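Participant: Okay, here's the structure, questions in a sec.
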Amino acid sequence: MKIIINIIAKIIDILLTLIIVIGLAFAFLFIIKIEPYVVLSGSMEPNLHVGSLSFINKHYKYEDVKKDDIIAFKTDTGVLVAHRVYKIENNEFVTKGDANEQEDVSNVTKLNYIGKNIFNIPKAGYAIRWIQTKKGKIISGTLIVCLIVSAFFFSDDNDKKKKTKHKKKEESSNDIKEE
């Protein structure tokens, strides 16, 4: 039984550590203005798959964008899009999705430019989209609370026992025996 409890405790520790590391990584990326966006359409297949998590560097300067870069921008209707710069005309970007036959209707200007795609994680966007739903928030929040509570419940008492043994040893070695 003790072995099973130790295994459960290790799994809980690993999951909590993973959640903390991922949270810190996302916080760090937000601080340095690299923001994740979920790819919702197949217009950039096979480079950006539907359900990918695309990370956009908002510090990347408009002036530094080159032909063939994948950039993020807002359309006239406010929709966020990540497409490839097909060509540059009059200091505006003509963009096109890799899977699309036609260029985008409107050019990208400095006003609607967001940043450059620097990397993406395939399928990670599905998890993010699920977590953003009401059901996902409830389940993931409950899971985190349960993990934290279980960490206390399954915490290894060996540290306490070791400290107690060490303290008793110290006390006994400090005693002066008089005969």
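All residue names refer to the structure tokens as shown: chains lettered A, B, ... in order, residues numbered from 1 in each chain, ligands numbered from 1 in order.
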From a DSSP pass on the backbone, collect the residues of segment 29-146 of chain A flagged as helix (DSSP H, G or I) and hand them back as a ChimeraX atom specification.

Facilitator: /A:29-31,62-64,124-131,134-146

Participant: Would you mind exporting the chosen residues as a CSV table (one decimal), in the first residue's frame, restricted to C-alpha atoms?

Facilitator:
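The resulting file, result-v9.csv, is reproduced below:
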```csv
chain,number,residue,atom,x,y,z
A,29,LEU,CA,6.0,34.7,-23.2
A,30,PHE,CA,3.2,37.2,-22.5
A,31,ILE,CA,5.6,39.4,-20.7
A,62,TYR,CA,6.5,45.9,-39.5
A,63,GLU,CA,9.6,47.2,-41.4
A,64,ASP,CA,11.5,44.0,-40.8
A,124,ALA,CA,-2.1,22.2,-28.7
A,125,GLY,CA,-4.8,24.6,-29.8
A,126,TYR,CA,-7.5,22.0,-29.3
A,127,ALA,CA,-6.7,21.8,-25.6
A,128,ILE,CA,-6.6,25.6,-25.3
A,129,ARG,CA,-10.0,25.9,-27.1
A,130,TRP,CA,-11.5,23.3,-24.8
A,131,ILE,CA,-10.1,24.9,-21.6
A,134,LYS,CA,-17.3,26.8,-19.6
A,135,LYS,CA,-17.1,23.0,-19.2
A,136,GLY,CA,-13.3,23.1,-19.8
A,137,LYS,CA,-12.8,25.8,-17.2
A,138,ILE,CA,-14.9,24.0,-14.6
A,139,ILE,CA,-13.1,20.6,-15.2
A,140,SER,CA,-9.6,22.0,-15.4
A,141,GLY,CA,-10.1,24.2,-12.4
A,142,THR,CA,-11.5,21.3,-10.4
A,143,LEU,CA,-8.6,19.1,-11.5
A,144,ILE,CA,-6.0,21.6,-10.4
A,145,VAL,CA,-7.7,22.0,-7.0
A,146,CYS,CA,-7.9,18.2,-6.6
```

Participant: At a cut-off of 10 Å, using only C-alpha atoms, what residues contact Gly115 of chain A? Leave out same-chain residues fewer than 6 positions from it and give the result as a PyMOL selection string.

Facilitator: chain A and resi 33-35+55-62+65+70-73+82

Participant: For the selection just defined, write its residues with C-alpha atoms to a file, as an mmCIF file, in the first residue's frame.

Facilitator:
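Printed below is part-v4.cif as written:
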```
data_model
loop_
_atom_site.group_PDB
_atom_site.id
_atom_site.type_symbol
_atom_site.label_atom_id
_atom_site.label_comp_id
_atom_site.auth_asym_id
_atom_site.auth_seq_id
_atom_site.Cartn_x
_atom_site.Cartn_y
_atom_site.Cartn_z
ATOM 1 C CA LYS A 33 4.938 40.046 -26.043
ATOM 2 C CA ILE A 34 4.867 36.617 -27.679
ATOM 3 C CA GLU A 35 1.238 35.572 -27.675
ATOM 4 C CA PHE A 55 3.024 31.941 -31.291
ATOM 5 C CA ILE A 56 3.117 35.511 -32.624
ATOM 6 C CA ASN A 57 5.993 37.853 -31.787
ATOM 7 C CA LYS A 58 4.317 41.237 -31.352
ATOM 8 C CA HIS A 59 7.730 42.946 -31.054
ATOM 9 C CA TYR A 60 8.653 41.984 -34.606
ATOM 10 C CA LYS A 61 8.751 45.267 -36.489
ATOM 11 C CA TYR A 62 6.548 45.869 -39.498
ATOM 12 C CA VAL A 65 8.878 41.714 -42.440
ATOM 13 C CA ILE A 70 4.075 34.273 -41.920
ATOM 14 C CA ILE A 71 2.458 37.232 -40.203
ATOM 15 C CA ALA A 72 -0.635 37.794 -38.087
ATOM 16 C CA PHE A 73 -3.020 40.643 -38.806
ATOM 17 C CA ALA A 82 -2.068 34.340 -40.003
#
```

Participant: Can you pull out every residue from chain A that DSSP, working from the backbone, puts in strand (DSSP E), and format the result as a PyMOL selection string?

Facilitator: chain A and resi 34-38+53-57+70-74+80-89+92-96+113-121

Participant: Please save N, CA and C atoms of the selected residues as an mmCIF file, in the first residue's frame.

Facilitator:
```cif
data_model
loop_
_atom_site.group_PDB
_atom_site.id
_atom_site.type_symbol
_atom_site.label_atom_id
_atom_site.label_comp_id
_atom_site.auth_asym_id
_atom_site.auth_seq_id
_atom_site.Cartn_x
_atom_site.Cartn_y
_atom_site.Cartn_z
ATOM 1 N N ILE A 34 5.053 37.724 -26.735
ATOM 2 C CA ILE A 34 4.867 36.617 -27.679
ATOM 3 C C ILE A 34 3.587 35.933 -27.232
ATOM 4 N N GLU A 35 2.559 36.050 -28.073
ATOM 5 C CA GLU A 35 1.238 35.572 -27.675
ATOM 6 C C GLU A 35 0.781 34.392 -28.524
ATOM 7 N N PRO A 36 0.142 33.416 -27.867
ATOM 8 C CA PRO A 36 -0.366 32.258 -28.605
ATOM 9 C C PRO A 36 -1.752 32.525 -29.189
ATOM 10 N N TYR A 37 -1.960 31.999 -30.375
ATOM 11 C CA TYR A 37 -3.268 32.066 -31.024
ATOM 12 C C TYR A 37 -3.577 30.685 -31.586
ATOM 13 N N VAL A 38 -4.827 30.292 -31.533
ATOM 14 C CA VAL A 38 -5.239 28.987 -32.045
ATOM 15 C C VAL A 38 -5.568 29.123 -33.529
ATOM 16 N N LEU A 53 -1.243 25.682 -32.122
ATOM 17 C CA LEU A 53 -1.089 26.873 -31.305
ATOM 18 C C LEU A 53 0.058 27.656 -31.926
ATOM 19 N N SER A 54 -0.265 28.792 -32.517
ATOM 20 C CA SER A 54 0.711 29.615 -33.227
ATOM 21 C C SER A 54 1.172 30.744 -32.314
ATOM 22 N N PHE A 55 2.477 30.904 -32.171
ATOM 23 C CA PHE A 55 3.024 31.941 -31.291
ATOM 24 C C PHE A 55 3.475 33.127 -32.137
ATOM 25 N N ILE A 56 2.891 34.297 -31.849
ATOM 26 C CA ILE A 56 3.117 35.511 -32.624
ATOM 27 C C ILE A 56 3.983 36.475 -31.817
ATOM 28 N N ASN A 57 5.097 36.885 -32.416
ATOM 29 C CA ASN A 57 5.993 37.853 -31.787
ATOM 30 C C ASN A 57 5.481 39.250 -32.126
ATOM 31 N N ILE A 70 5.465 34.469 -42.333
ATOM 32 C CA ILE A 70 4.075 34.273 -41.920
ATOM 33 C C ILE A 70 3.793 35.317 -40.854
ATOM 34 N N ILE A 71 2.788 36.142 -41.127
ATOM 35 C CA ILE A 71 2.458 37.232 -40.203
ATOM 36 C C ILE A 71 1.009 37.114 -39.735
ATOM 37 N N ALA A 72 0.732 37.744 -38.612
ATOM 38 C CA ALA A 72 -0.635 37.794 -38.087
ATOM 39 C C ALA A 72 -1.146 39.223 -38.250
ATOM 40 N N PHE A 73 -2.401 39.333 -38.610
ATOM 41 C CA PHE A 73 -3.020 40.643 -38.806
ATOM 42 C C PHE A 73 -4.511 40.521 -38.612
ATOM 43 N N LYS A 74 -5.156 41.684 -38.460
ATOM 44 C CA LYS A 74 -6.621 41.711 -38.341
ATOM 45 C C LYS A 74 -7.204 42.153 -39.676
ATOM 46 N N LEU A 80 -8.821 37.718 -36.752
ATOM 47 C CA LEU A 80 -7.372 37.529 -36.699
ATOM 48 C C LEU A 80 -6.977 36.450 -37.707
ATOM 49 N N VAL A 81 -5.971 36.771 -38.530
ATOM 50 C CA VAL A 81 -5.527 35.852 -39.577
ATOM 51 C C VAL A 81 -4.008 35.740 -39.539
ATOM 52 N N ALA A 82 -3.508 34.541 -39.818
ATOM 53 C CA ALA A 82 -2.068 34.340 -40.003
ATOM 54 C C ALA A 82 -1.876 33.796 -41.417
ATOM 55 N N HIS A 83 -1.274 34.601 -42.277
ATOM 56 C CA HIS A 83 -1.006 34.212 -43.663
ATOM 57 C C HIS A 83 0.415 34.595 -44.037
ATOM 58 N N ARG A 84 0.861 34.054 -45.153
ATOM 59 C CA ARG A 84 2.203 34.314 -45.648
ATOM 60 C C ARG A 84 2.229 35.596 -46.480
ATOM 61 N N VAL A 85 3.330 36.350 -46.345
ATOM 62 C CA VAL A 85 3.514 37.540 -47.174
ATOM 63 C C VAL A 85 3.879 37.042 -48.567
ATOM 64 N N TYR A 86 2.983 37.294 -49.494
ATOM 65 C CA TYR A 86 3.131 36.829 -50.868
ATOM 66 C C TYR A 86 4.000 37.791 -51.669
ATOM 67 N N LYS A 87 3.760 39.080 -51.449
ATOM 68 C CA LYS A 87 4.593 40.125 -52.057
ATOM 69 C C LYS A 87 4.397 41.430 -51.296
ATOM 70 N N ILE A 88 5.321 42.360 -51.530
ATOM 71 C CA ILE A 88 5.259 43.663 -50.861
ATOM 72 C C ILE A 88 5.099 44.731 -51.944
ATOM 73 N N GLU A 89 4.016 45.521 -51.809
ATOM 74 C CA GLU A 89 3.720 46.586 -52.776
ATOM 75 C C GLU A 89 3.393 47.866 -52.018
ATOM 76 N N GLU A 92 3.002 47.916 -48.303
ATOM 77 C CA GLU A 92 1.911 47.099 -47.779
ATOM 78 C C GLU A 92 2.181 45.653 -48.156
ATOM 79 N N PHE A 93 1.667 44.745 -47.346
ATOM 80 C CA PHE A 93 1.892 43.324 -47.599
ATOM 81 C C PHE A 93 0.683 42.708 -48.284
ATOM 82 N N VAL A 94 0.944 42.060 -49.404
ATOM 83 C CA VAL A 94 -0.070 41.252 -50.065
ATOM 84 C C VAL A 94 0.108 39.853 -49.477
ATOM 85 N N THR A 95 -0.948 39.336 -48.867
ATOM 86 C CA THR A 95 -0.847 38.052 -48.187
ATOM 87 C C THR A 95 -1.715 36.999 -48.855
ATOM 88 N N LYS A 96 -1.393 35.753 -48.537
ATOM 89 C CA LYS A 96 -2.155 34.642 -49.116
ATOM 90 C C LYS A 96 -1.926 33.427 -48.237
ATOM 91 N N TYR A 113 -1.436 45.235 -38.749
ATOM 92 C CA TYR A 113 -0.380 44.249 -38.525
ATOM 93 C C TYR A 113 -0.263 43.950 -37.025
ATOM 94 N N ILE A 114 -0.123 42.673 -36.662
ATOM 95 C CA ILE A 114 0.018 42.283 -35.258
ATOM 96 C C ILE A 114 1.437 41.816 -34.948
ATOM 97 N N GLY A 115 1.967 40.909 -35.762
ATOM 98 C CA GLY A 115 3.312 40.394 -35.513
ATOM 99 C C GLY A 115 3.639 39.237 -36.430
ATOM 100 N N LYS A 116 4.797 38.651 -36.159
ATOM 101 C CA LYS A 116 5.287 37.553 -36.998
ATOM 102 C C LYS A 116 5.161 36.225 -36.262
ATOM 103 N N ASN A 117 4.735 35.194 -36.986
ATOM 104 C CA ASN A 117 4.673 33.843 -36.437
ATOM 105 C C ASN A 117 6.106 33.338 -36.252
ATOM 106 N N ILE A 118 6.432 32.905 -35.026
ATOM 107 C CA ILE A 118 7.801 32.433 -34.806
ATOM 108 C C ILE A 118 7.874 30.919 -34.608
ATOM 109 N N PHE A 119 6.821 30.319 -34.072
ATOM 110 C CA PHE A 119 6.748 28.860 -33.997
ATOM 111 C C PHE A 119 5.326 28.457 -33.673
ATOM 112 N N ASN A 120 5.051 27.169 -33.834
ATOM 113 C CA ASN A 120 3.714 26.677 -33.494
ATOM 114 C C ASN A 120 3.822 25.265 -32.934
ATOM 115 N N ILE A 121 2.797 24.901 -32.175
ATOM 116 C CA ILE A 121 2.726 23.565 -31.589
ATOM 117 C C ILE A 121 1.464 22.905 -32.152
#
```

Participant: What is the distance between atom CA of Lys67 of chain A and atom CA of Phe28 of chain A, in Å to one decimal?

Facilitator: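 Those two atoms sit 29.1 Å apart.
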
Participant: Please, what distance in Å, to one decimal, runs between atom CA of Leu18 of chain A and atom CA of Leu147 of chain A?

Facilitator: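 That distance, rounded to one decimal, is 11.7 Å.
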
Participant: If I take atom CA of Thr75 of chain A and atom CA of Ala25 of chain A, how far is one from the other in Å, to one decimal?

Facilitator: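 That distance, rounded to one decimal, is 29.2 Å.
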